[in-house]
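Asks: Contents of my_file23.pdb (PDB, C-alpha atoms):
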MODEL        1
ATOM      1  CA  MET A  17      68.972  58.051  76.627
ATOM      2  CA  GLN A  18      72.501  57.800  77.976
ATOM      3  CA  ASP A  19      73.581  60.703  75.781
ATOM      4  CA  ASN A  20      70.773  62.837  77.208
ATOM      5  CA  GLU A  21      71.764  61.942  80.747
ATOM      6  CA  SER A  22      75.374  62.845  79.957
ATOM      7  CA  ASP A  23      74.296  66.191  78.549
ATOM      8  CA  ILE A  24      72.173  66.942  81.608
ATOM      9  CA  TYR A  25      75.048  65.970  83.916
ATOM     10  CA  LEU A  26      77.430  68.246  81.987
ATOM     11  CA  ILE A  27      75.010  71.168  82.192
ATOM     12  CA  LEU A  28      74.549  70.646  85.951
ATOM     13  CA  CYS A  29      78.327  70.557  86.428
ATOM     14  CA  ILE A  30      78.714  73.832  84.538
ATOM     15  CA  ILE A  31      75.956  75.479  86.582
ATOM     16  CA  TYR A  32      77.431  74.220  89.872
ATOM     17  CA  SER A  33      80.900  75.366  88.868
ATOM     18  CA  GLY A  34      79.592  78.845  88.150
ATOM     19  CA  LEU A  35      77.771  79.045  91.472
ATOM     20  CA  ALA A  36      80.797  77.733  93.399
ATOM     21  CA  SER A  37      83.110  80.317  91.848
ATOM     22  CA  GLU A  38      80.704  83.236  92.337
ATOM     23  CA  VAL A  39      82.231  85.948  94.493
ATOM     24  CA  LYS A  40      80.072  86.984  97.447
ATOM     25  CA  ARG A  41      80.025  90.764  97.691
ATOM     26  CA  LEU A  42      79.060  93.244 100.380
ATOM     27  CA  LYS A  43      77.224  96.383  99.338
ATOM     28  CA  THR A  44      78.877  99.622 100.440
ATOM     29  CA  GLY A  45      75.672 101.561 101.086
ATOM     30  CA  VAL A  46      76.920 104.452  98.912
ATOM     31  CA  ALA A  47      74.695 105.290  95.953
ATOM     32  CA  GLY A  48      76.624 104.563  92.750
ATOM     33  CA  MET A  49      79.659 102.990  94.429
ATOM     34  CA  ASP A  50      78.717  99.339  94.035
ATOM     35  CA  GLU A  51      78.430  99.815  90.274
ATOM     36  CA  LEU A  52      82.139 100.657  90.265
ATOM     37  CA  LEU A  53      82.896  97.429  92.160
ATOM     38  CA  GLU A  54      80.967  94.843  90.135
ATOM     39  CA  GLY A  55      78.325  94.803  92.850
ATOM     40  CA  GLY A  56      80.327  95.482  96.002
ATOM     41  CA  ILE A  57      83.393  94.556  98.055
ATOM     42  CA  PRO A  58      84.214  90.812  98.053
ATOM     43  CA  GLU A  59      83.483  89.118 101.351
ATOM     44  CA  ASP A  60      86.452  88.586 103.726
ATOM     45  CA  PHE A  61      88.573  91.241 101.974
ATOM     46  CA  PHE A  62      90.979  93.616 103.704
ATOM     47  CA  VAL A  63      90.472  96.933 101.903
ATOM     48  CA  ALA A  64      92.582 100.070 102.310
ATOM     49  CA  VAL A  65      90.526 103.276 102.197
ATOM     50  CA  THR A  66      93.033 106.040 101.544
ATOM     51  CA  GLY A  67      93.092 109.789 101.100
ATOM     52  CA  GLU A  68      93.854 113.177 102.622
ATOM     53  CA  PRO A  69      91.855 114.599 105.536
ATOM     54  CA  GLY A  70      88.401 115.800 104.573
ATOM     55  CA  CYS A  71      87.893 113.760 101.411
ATOM     56  CA  GLY A  72      85.200 111.360 102.664
ATOM     57  CA  LYS A  73      86.931 108.331 104.204
ATOM     58  CA  THR A  74      85.022 108.399 107.494
ATOM     59  CA  ILE A  75      81.676 108.993 105.795
ATOM     60  CA  PHE A  76      82.341 106.081 103.444
ATOM     61  CA  SER A  77      83.184 103.869 106.439
ATOM     62  CA  ILE A  78      79.978 104.935 108.208
ATOM     63  CA  HIS A  79      77.963 104.012 105.112
ATOM     64  CA  PHE A  80      79.649 100.609 104.915
ATOM     65  CA  ILE A  81      78.870  99.826 108.549
ATOM     66  CA  ASN A  82      75.300 101.126 108.286
ATOM     67  CA  GLN A  83      74.677  98.886 105.278
ATOM     68  CA  GLY A  84      75.884  95.973 107.366
ATOM     69  CA  ILE A  85      73.411  96.855 110.113
ATOM     70  CA  ILE A  86      70.617  96.903 107.513
ATOM     71  CA  GLU A  87      71.655  93.493 106.172
ATOM     72  CA  GLY A  88      71.992  91.896 109.598
ATOM     73  CA  ASP A  89      75.808  91.692 109.677
ATOM     74  CA  LYS A  90      77.785  91.928 112.913
ATOM     75  CA  CYS A  91      79.323  95.405 112.770
ATOM     76  CA  ILE A  92      82.351  96.853 114.560
ATOM     77  CA  TYR A  93      83.636 100.418 114.156
ATOM     78  CA  ILE A  94      86.999 101.453 115.621
ATOM     79  CA  THR A  95      87.545 105.197 115.899
ATOM     80  CA  THR A  96      91.001 106.577 116.663
ATOM     81  CA  GLU A  97      90.584 110.256 115.739
ATOM     82  CA  GLU A  98      87.070 111.029 116.951
ATOM     83  CA  SER A  99      85.094 110.007 119.985
ATOM     84  CA  ARG A 100      82.400 107.354 119.904
ATOM     85  CA  GLU A 101      79.794 110.103 120.359
ATOM     86  CA  SER A 102      81.137 112.023 117.366
ATOM     87  CA  ILE A 103      80.738 108.994 115.080
ATOM     88  CA  ILE A 104      77.174 108.471 116.322
ATOM     89  CA  ARG A 105      76.360 112.144 115.632
ATOM     90  CA  GLN A 106      77.840 112.002 112.124
ATOM     91  CA  ALA A 107      75.809 108.909 111.303
ATOM     92  CA  SER A 108      72.634 110.549 112.605
ATOM     93  CA  GLN A 109      73.118 113.452 110.164
ATOM     94  CA  PHE A 110      72.498 110.954 107.353
ATOM     95  CA  GLY A 111      69.558 109.226 109.030
ATOM     96  CA  MET A 112      71.678 106.355 110.355
ATOM     97  CA  ARG A 113      70.816 105.340 113.918
ATOM     98  CA  PHE A 114      74.073 103.986 115.303
ATOM     99  CA  GLY A 115      72.936 104.553 118.895
ATOM    100  CA  ASP A 116      69.895 102.333 118.379
ATOM    101  CA  ALA A 117      72.023  99.694 116.646
ATOM    102  CA  MET A 118      74.356  99.606 119.650
ATOM    103  CA  ASN A 119      71.438  99.211 122.041
ATOM    104  CA  ASP A 120      70.040  96.406 119.879
ATOM    105  CA  GLY A 121      73.330  94.473 119.891
ATOM    106  CA  LYS A 122      73.998  95.013 116.170
ATOM    107  CA  LEU A 123      76.963  97.387 116.453
ATOM    108  CA  ILE A 124      79.927  97.971 118.743
ATOM    109  CA  ILE A 125      81.961 101.169 118.460
ATOM    110  CA  ILE A 126      85.436 100.823 119.951
ATOM    111  CA  ASP A 127      86.775 104.196 121.084
ATOM    112  CA  ALA A 128      90.575 104.379 120.803
ATOM    113  CA  LEU A 129      90.782 108.150 121.313
ATOM    114  CA  MET A 130      89.294 109.117 124.654
ATOM    115  CA  GLY A 131      91.141 106.599 126.855
ATOM    116  CA  ARG A 132      88.076 105.711 128.874
ATOM    117  CA  GLU A 133      87.915 102.751 131.217
ATOM    118  CA  ASP A 134      84.755 101.246 129.731
ATOM    119  CA  ARG A 135      84.754  97.838 128.059
ATOM    120  CA  TRP A 136      84.711  99.122 124.467
ATOM    121  CA  SER A 137      87.639 101.500 124.668
ATOM    122  CA  LEU A 138      91.361 101.100 123.962
ATOM    123  CA  GLN A 139      93.814 102.606 126.397
ATOM    124  CA  ASN A 140      96.660 102.770 123.868
ATOM    125  CA  LEU A 141      97.238 102.336 120.150
ATOM    126  CA  ASP A 142      98.668  98.835 120.162
ATOM    127  CA  PRO A 143      97.924  96.459 117.228
ATOM    128  CA  GLU A 144      97.675  93.374 119.467
ATOM    129  CA  ALA A 145      95.264  95.159 121.793
ATOM    130  CA  LEU A 146      93.236  96.237 118.746
ATOM    131  CA  VAL A 147      92.956  92.699 117.386
ATOM    132  CA  SER A 148      92.019  91.288 120.794
ATOM    133  CA  LYS A 149      89.319  93.916 121.272
ATOM    134  CA  ILE A 150      87.854  93.287 117.795
ATOM    135  CA  ILE A 151      87.681  89.543 118.459
ATOM    136  CA  GLU A 152      86.090  90.208 121.860
ATOM    137  CA  ALA A 153      83.495  92.421 120.151
ATOM    138  CA  LYS A 154      82.746  89.734 117.571
ATOM    139  CA  LYS A 155      82.170  87.168 120.319
ATOM    140  CA  GLU A 156      79.828  89.618 122.023
ATOM    141  CA  LEU A 157      77.844  90.230 118.815
ATOM    142  CA  GLY A 158      77.622  86.528 118.031
ATOM    143  CA  TYR A 159      77.968  84.211 115.069
ATOM    144  CA  GLY A 160      77.623  85.517 111.514
ATOM    145  CA  ARG A 161      79.196  87.580 108.779
ATOM    146  CA  ALA A 162      80.972  90.614 110.173
ATOM    147  CA  ARG A 163      82.057  94.039 108.979
ATOM    148  CA  VAL A 164      84.886  96.031 110.563
ATOM    149  CA  ALA A 165      85.947  99.620 109.905
ATOM    150  CA  VAL A 166      89.207 100.835 111.465
ATOM    151  CA  ASP A 167      89.264 104.641 111.219
ATOM    152  CA  SER A 168      92.131 105.040 110.995
ATOM    153  CA  LEU A 169      94.742 102.298 111.002
ATOM    154  CA  SER A 170      97.441 104.918 110.340
ATOM    155  CA  ALA A 171      97.123 106.055 113.956
ATOM    156  CA  PHE A 172      98.789 102.810 115.076
ATOM    157  CA  TRP A 173     102.099 103.702 113.415
ATOM    158  CA  LEU A 174     102.203 107.500 113.393
ATOM    159  CA  ASP A 175     105.424 107.509 115.420
ATOM    160  CA  LYS A 176     106.953 104.547 113.535
ATOM    161  CA  PRO A 177     105.734 104.545 109.902
ATOM    162  CA  ALA A 178     108.258 101.899 108.873
ATOM    163  CA  MET A 179     106.147  99.392 110.852
ATOM    164  CA  ALA A 180     103.038  99.935 108.700
ATOM    165  CA  ARG A 181     103.457  96.796 106.595
ATOM    166  CA  ARG A 182     104.229  94.549 109.563
ATOM    167  CA  TYR A 183     101.291  95.847 111.625
ATOM    168  CA  SER A 184      98.909  95.658 108.663
ATOM    169  CA  TYR A 185      99.975  92.119 107.858
ATOM    170  CA  PHE A 186      99.562  91.036 111.480
ATOM    171  CA  ILE A 187      96.056  92.489 111.690
ATOM    172  CA  LYS A 188      95.003  90.964 108.368
ATOM    173  CA  LYS A 189      96.476  87.550 109.188
ATOM    174  CA  VAL A 190      94.767  87.213 112.565
ATOM    175  CA  LEU A 191      91.376  88.647 111.638
ATOM    176  CA  SER A 192      91.142  86.707 108.362
ATOM    177  CA  LYS A 193      90.152  83.647 110.422
ATOM    178  CA  TRP A 194      87.038  85.354 111.758
ATOM    179  CA  ASN A 195      84.966  86.009 108.611
ATOM    180  CA  PHE A 196      85.605  89.756 108.774
ATOM    181  CA  THR A 197      85.392  92.111 105.816
ATOM    182  CA  ILE A 198      87.621  95.004 106.855
ATOM    183  CA  LEU A 199      87.925  98.635 105.820
ATOM    184  CA  ALA A 200      91.301  99.972 106.969
ATOM    185  CA  VAL A 201      91.422 103.747 106.650
ATOM    186  CA  SER A 202      94.875 105.093 105.817
ATOM    187  CA  GLN A 203      95.677 108.787 105.977
ATOM    188  CA  TYR A 204      97.540 110.650 103.245
ATOM    189  CA  ALA A 205      99.594 113.797 103.685
ATOM    190  CA  ILE A 206      97.989 116.947 102.264
ATOM    191  CA  THR A 207     101.246 118.256 100.762
ATOM    192  CA  THR A 208     102.537 115.082  99.118
ATOM    193  CA  ALA A 209      99.436 112.897  98.661
ATOM    194  CA  GLU A 210     101.611 110.167 100.208
ATOM    195  CA  SER A 211     100.454 107.597 102.730
ATOM    196  CA  PHE A 212     101.677 107.720 106.315
ATOM    197  CA  GLY A 213     103.561 104.449 106.464
ATOM    198  CA  TRP A 214     104.962 101.866 104.098
ATOM    199  CA  GLY A 215     103.075  98.818 103.018
ATOM    200  CA  ILE A 216      99.350  98.803 103.819
ATOM    201  CA  GLU A 217      98.544  99.072 100.099
ATOM    202  CA  HIS A 218     100.776  96.085  99.324
ATOM    203  CA  ILE A 219      99.001  93.686 101.660
ATOM    204  CA  ALA A 220      95.470  94.998 101.026
ATOM    205  CA  ASP A 221      93.074  93.038  98.812
ATOM    206  CA  GLY A 222      91.667  96.310  97.556
ATOM    207  CA  ILE A 223      92.417 100.042  97.537
ATOM    208  CA  ILE A 224      89.682 102.681  97.390
ATOM    209  CA  ARG A 225      91.354 106.055  96.971
ATOM    210  CA  PHE A 226      89.597 109.316  97.831
ATOM    211  CA  ARG A 227      90.885 112.683  96.679
ATOM    212  CA  ARG A 228      89.940 116.346  97.057
ATOM    213  CA  LEU A 229      90.715 119.387  94.920
ATOM    214  CA  LEU A 230      89.779 123.044  94.767
ATOM    215  CA  ARG A 231      88.120 123.911  91.464
ATOM    216  CA  GLY A 232      87.087 127.536  90.901
ATOM    217  CA  GLY A 233      87.207 128.106  94.655
ATOM    218  CA  GLU A 234      84.910 125.131  95.351
ATOM    219  CA  LEU A 235      85.946 121.953  97.146
ATOM    220  CA  LYS A 236      85.487 118.892  94.936
ATOM    221  CA  ARG A 237      85.807 115.278  96.078
ATOM    222  CA  PHE A 238      86.695 112.267  93.955
ATOM    223  CA  VAL A 239      87.113 108.500  94.248
ATOM    224  CA  ILE A 240      88.943 105.880  92.215
ATOM    225  CA  ILE A 241      89.206 102.126  92.739
ATOM    226  CA  GLU A 242      92.958 101.577  92.454
ATOM    227  CA  LYS A 243      92.834  97.862  93.231
ATOM    228  CA  MET A 244      90.219  95.202  93.981
ATOM    229  CA  ARG A 245      91.091  91.557  93.558
ATOM    230  CA  GLN A 246      88.573  89.205  91.930
ATOM    231  CA  THR A 247      86.728  92.239  90.588
ATOM    232  CA  ASN A 248      86.314  93.830  87.188
ATOM    233  CA  HIS A 249      86.238  97.260  88.783
ATOM    234  CA  SER A 250      86.044 100.696  87.209
ATOM    235  CA  ARG A 251      89.422 102.205  86.402
ATOM    236  CA  TYR A 252      88.148 105.764  86.072
ATOM    237  CA  LEU A 253      88.051 108.691  88.463
ATOM    238  CA  HIS A 254      84.549 109.639  89.640
ATOM    239  CA  GLU A 255      83.332 112.783  91.346
ATOM    240  CA  ILE A 256      81.470 112.276  94.612
ATOM    241  CA  ASP A 257      79.434 114.512  96.873
ATOM    242  CA  VAL A 258      78.165 114.444 100.455
ATOM    243  CA  LYS A 259      74.528 115.517 100.619
ATOM    244  CA  PRO A 260      72.811 116.630 103.852
ATOM    245  CA  GLY A 261      70.464 113.982 105.176
ATOM    246  CA  VAL A 262      71.663 111.485 102.569
ATOM    247  CA  GLY A 263      75.418 111.063 102.801
ATOM    248  CA  MET A 264      77.876 110.137 100.098
ATOM    249  CA  VAL A 265      76.819 109.678  96.473
ATOM    250  CA  VAL A 266      78.805 109.023  93.302
ATOM    251  CA  LEU A 267      77.987 111.728  90.769
ATOM    252  CA  ARG A 268      79.784 111.083  87.494
ATOM    253  CA  ARG A 269      82.932 109.948  85.782
ATOM    254  CA  VAL A 270      85.408 112.755  85.197
ATOM    255  CA  GLU A 271      88.115 113.168  82.607
ATOM    256  CA  MET A 272      91.281 113.695  84.594
ATOM    257  CA  ARG A 273      94.797 112.409  84.193
ATOM    258  CA  ALA A 274      96.881 111.189  87.110
ATOM    259  CA  GLU A 275      99.231 114.101  86.414
ATOM    260  CA  ASP A 276      96.399 116.500  87.205
ATOM    261  CA  TYR A 277      96.224 115.520  90.863
ATOM    262  CA  LYS A 278      99.688 114.226  91.708
ATOM    263  CA  LEU A 279     102.998 115.948  92.250
ATOM    264  CA  PRO A 280     105.620 115.573  89.504
ATOM    265  CA  PRO A 281     107.624 112.289  89.814
ATOM    266  CA  GLU A 282     110.906 114.101  90.456
ATOM    267  CA  VAL A 283     109.384 116.069  93.322
ATOM    268  CA  LEU A 284     107.871 112.913  94.828
ATOM    269  CA  ARG A 285     111.201 111.095  94.504
ATOM    270  CA  LYS A 286     113.041 113.815  96.434
ATOM    271  CA  ILE A 287     110.370 113.889  99.142
ATOM    272  CA  LEU A 288     110.546 110.103  99.575
ATOM    273  CA  GLU A 289     114.348 110.134  99.740
ATOM    274  CA  ALA A 290     114.309 112.848 102.394
ATOM    275  CA  LYS A 291     111.710 110.963 104.414
ATOM    276  CA  ARG A 292     113.626 107.690 104.270
ATOM    277  CA  LYS A 293     116.814 109.409 105.433
ATOM    278  CA  SER A 294     114.980 111.049 108.331
ATOM    279  CA  GLU A 295     113.611 107.653 109.393
ATOM    280  CA  GLY A 296     116.957 105.917 109.049
ATOM    281  CA  ILE A 297     115.786 103.686 106.195
ATOM    282  CA  LEU A 298     118.670 104.670 103.914
TER     283      LEU A 298
ENDMDL
END
Any chance you could give the structure as structure tokens?

Replies:
Amino acid sequence: MQDNESDIYLILCIIYSGLASEVKRLKTGVAGMDELLEGGIPEDFFVAVTGEPGCGKTIFSIHFINQGIIEGDKCIYITTEESRESIIRQASQFGMRFGDAMNDGKLIIIDALMGREDRWSLQNLDPEALVSKIIEAKKELGYGRARVAVDSLSAFWLDKPAMARRYSYFIKKVLSKWNFTILAVSQYAITTAESFGWGIEHIADGIIRFRRLLRGGELKRFVIIEKMRQTNHSRYLHEIDVKPGVGMVVLRRVEMRAEDYKLPPEVLRKILEAKRKSEGIL
């Protein structure tokens, strides 16, 4: 009898251990993307969403926030390169009703572009002001799991890229206490495929990299999960598409080497050296 009780106790301990170590994940809302992420983005992560202009970063962020609205999360979208109205219109093209979500107290869109005087606008691109406004928005939305998309974080250091790591670390450190899962969009240069700023990738818990190429005169978009802690993620490049009325979808895995979509190492090295000299880093 005692042996049976010991066996039952051991089994319960194993089950409890497995449940305790299970990673809670947030679905992205993009068809096919969660399969690349072992079910989704781990809760409370700070994830860099990187890529050149026009490769799908904003649409991905809109999907992520919309999925949060569906699941009852507190959702905050910060836009630095488009107006609040533009984000609402983009979402509506995919059947996502951001305007209704705002009216229902499920979403706050912080406009950091237009310089308005309303409560949910930023007058200047200051990291401390950004963090304060996000926390204020969370208090307004109330208690519960929260999603944040900052589109883009690169705007906060465009005139001082060497500050990227410090600003990113500050934002992550402060907001990590508030049960936020954060998408931080980071722009890449079209000519070099290099990020604007040094360090956001190093402090991020995950990196979702978008890419675009011209193939036979047609624009093709791709995604690869370059990093995601606590996740057995896909390590392959996948083609994506943006469908009218639907949004982003993952199409298929593609056979492509890194050399096929990156500049030669020697060219990149010279570009980086020139940039560092121009910024006084060397």

Asks: Determine the nearest neighbour of Ser184 (chain A) from the options A:Ile94, A:Ala128, A:Val63, A:Glu271, counting all atoms listed in the file.

Replies: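 The closest residue to Ser184 (chain A) is A:Val63.
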
Asks: Using all atoms listed in the file, can you tell me which of A:Thr197, A:Asp221, A:Gly55, A:Val147 comes closest to Val39 (chain A)?

Replies: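 Among the listed residues, A:Gly55 lies closest to Val39 (chain A).
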
Asks: Tell me, counting only C-alpha atoms, for each residue of region 119-174 of chain A within 9 Å of region 57-60 of chain A, which pair of atoms is nearest and how far apart they are in Å to one decimal, in rows ordered by chain and increasing number, as a Markdown table.

Replies:
| residue | atom | partner | partner_atom | distance |
| --- | --- | --- | --- | --- |
| A:Arg161 | CA | A:Glu59 | CA | 8.7 |
| A:Ala162 | CA | A:Asp60 | CA | 8.7 |
| A:Arg163 | CA | A:Asp60 | CA | 8.8 |

Asks: Given only C-alpha atoms as the basis, pick out the residue of A:Phe62, A:Ser168, A:Ile223, A:Arg237 nearest to Ser192 (chain A).

Replies: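 Ranking A:Phe62, A:Ser168, A:Ile223, A:Arg237 by distance to Ser192 (chain A), first place goes to A:Phe62.
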
Asks: Please write as a PyMOL selection string the full residue list that the PyMOL selection byres ((chain A and resi 91) around 10) yields on this file.

Replies: chain A and resi 80-85+88-90+92-93+117-118+121-125+153-154+157+161-165+196-197

Asks: Dump C-alpha atoms for the selected residues as a short mmCIF file (atom, residue, chain, number, x, y, z; two decimals), keeping the file's coordinate frame?

Replies:
data_model
loop_
_atom_site.label_atom_id
_atom_site.label_comp_id
_atom_site.auth_asym_id
_atom_site.auth_seq_id
_atom_site.Cartn_x
_atom_site.Cartn_y
_atom_site.Cartn_z
CA PHE A 80 79.65 100.61 104.92
CA ILE A 81 78.87 99.83 108.55
CA ASN A 82 75.30 101.13 108.29
CA GLN A 83 74.68 98.89 105.28
CA GLY A 84 75.88 95.97 107.37
CA ILE A 85 73.41 96.86 110.11
CA GLY A 88 71.99 91.90 109.60
CA ASP A 89 75.81 91.69 109.68
CA LYS A 90 77.78 91.93 112.91
CA ILE A 92 82.35 96.85 114.56
CA TYR A 93 83.64 100.42 114.16
CA ALA A 117 72.02 99.69 116.65
CA MET A 118 74.36 99.61 119.65
CA GLY A 121 73.33 94.47 119.89
CA LYS A 122 74.00 95.01 116.17
CA LEU A 123 76.96 97.39 116.45
CA ILE A 124 79.93 97.97 118.74
CA ILE A 125 81.96 101.17 118.46
CA ALA A 153 83.50 92.42 120.15
CA LYS A 154 82.75 89.73 117.57
CA LEU A 157 77.84 90.23 118.82
CA ARG A 161 79.20 87.58 108.78
CA ALA A 162 80.97 90.61 110.17
CA ARG A 163 82.06 94.04 108.98
CA VAL A 164 84.89 96.03 110.56
CA ALA A 165 85.95 99.62 109.90
CA PHE A 196 85.60 89.76 108.77
CA THR A 197 85.39 92.11 105.82
#

Asks: Please evaluate the PyMOL selection byres ((chain A and resi 98) around 10) against the displayed coordinates and give the resulting residues as a list in words.

Replies: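 Output from the PyMOL selection byres ((chain A and resi 98) around 10), applied to this file: Ile94, Thr95, Thr96, Glu97, Ser99, Arg100, Glu101, Ser102, Ile103, Asp127, Ala128, Leu129, Met130, Asp167 and Ser168 of chain A.
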
Asks: The PyMOL selection byres ((chain A and resi 243) around 7) - which residues does that actually catch in the file I just gave you? List them as a list of chain:residue names.

Replies: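 Taken over the shown coordinates, the PyMOL selection byres ((chain A and resi 243) around 7) returns A:Gly222, A:Ile223, A:Ile241, A:Glu242, A:Met244, A:Arg245.
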
Asks: What's the separation between CA of Leu253 (chain A) and CA of Arg225 (chain A), in Å to one decimal place?

Replies: 9.5 Å

Asks: May I ask for the distance between CA of Pro69 (chain A) and CA of Trp136 (chain A), given in Å to one decimal place?

Replies: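 Going from CA of Pro69 (chain A) over to CA of Trp136 (chain A) covers 25.5 Å.
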
Asks: To one decimal place in Å, what is the distance between CA of Phe61 (chain A) and CA of Ile150 (chain A)?

Replies: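 Distance reported for this atom pair: 16.0 Å.
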
Asks: Only N, CA and C atoms needed: put region 169-188 of chain A from the block into a file as a short mmCIF file (atom, residue, chain, number, x, y, z; two decimals), in the first residue's frame.

Replies:
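Dumped to decode_23.cif:
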data_model
loop_
_atom_site.label_atom_id
_atom_site.label_comp_id
_atom_site.auth_asym_id
_atom_site.auth_seq_id
_atom_site.Cartn_x
_atom_site.Cartn_y
_atom_site.Cartn_z
N LEU A 169 10.16 51.15 -32.97
CA LEU A 169 11.04 51.61 -31.90
C LEU A 169 12.25 52.34 -32.48
N SER A 170 12.61 52.02 -33.72
CA SER A 170 13.76 52.66 -34.37
C SER A 170 13.62 54.18 -34.43
N ALA A 171 12.37 54.66 -34.49
CA ALA A 171 12.15 56.10 -34.59
C ALA A 171 12.71 56.85 -33.39
N PHE A 172 12.87 56.17 -32.25
CA PHE A 172 13.33 56.83 -31.03
C PHE A 172 14.84 57.06 -31.02
N TRP A 173 15.56 56.49 -31.99
CA TRP A 173 17.01 56.74 -32.03
C TRP A 173 17.52 57.01 -33.45
N LEU A 174 16.66 57.51 -34.30
CA LEU A 174 17.07 57.76 -35.69
C LEU A 174 18.24 58.73 -35.77
N ASP A 175 18.26 59.73 -34.88
CA ASP A 175 19.34 60.71 -34.92
C ASP A 175 20.49 60.35 -33.99
N LYS A 176 20.40 59.23 -33.30
CA LYS A 176 21.48 58.78 -32.41
C LYS A 176 21.44 57.25 -32.29
N PRO A 177 21.77 56.55 -33.38
CA PRO A 177 21.66 55.09 -33.42
C PRO A 177 22.50 54.36 -32.38
N ALA A 178 23.58 55.00 -31.92
CA ALA A 178 24.42 54.35 -30.91
C ALA A 178 23.68 54.17 -29.58
N MET A 179 22.53 54.83 -29.42
CA MET A 179 21.76 54.73 -28.18
C MET A 179 20.74 53.59 -28.22
N ALA A 180 20.68 52.86 -29.32
CA ALA A 180 19.64 51.84 -29.50
C ALA A 180 19.63 50.82 -28.37
N ARG A 181 20.79 50.30 -28.00
CA ARG A 181 20.83 49.27 -26.96
C ARG A 181 20.39 49.84 -25.62
N ARG A 182 20.87 51.02 -25.28
CA ARG A 182 20.50 51.62 -23.99
C ARG A 182 19.00 51.88 -23.91
N TYR A 183 18.44 52.48 -24.97
CA TYR A 183 17.00 52.78 -24.97
C TYR A 183 16.18 51.49 -24.92
N SER A 184 16.59 50.49 -25.70
CA SER A 184 15.85 49.23 -25.73
C SER A 184 15.89 48.56 -24.37
N TYR A 185 17.05 48.56 -23.75
CA TYR A 185 17.18 47.95 -22.43
C TYR A 185 16.32 48.66 -21.40
N PHE A 186 16.31 49.98 -21.45
CA PHE A 186 15.50 50.77 -20.51
C PHE A 186 14.02 50.43 -20.67
N ILE A 187 13.55 50.39 -21.90
CA ILE A 187 12.14 50.11 -22.16
C ILE A 187 11.78 48.70 -21.70
N LYS A 188 12.64 47.73 -22.02
CA LYS A 188 12.38 46.35 -21.61
C LYS A 188 12.39 46.22 -20.09
#
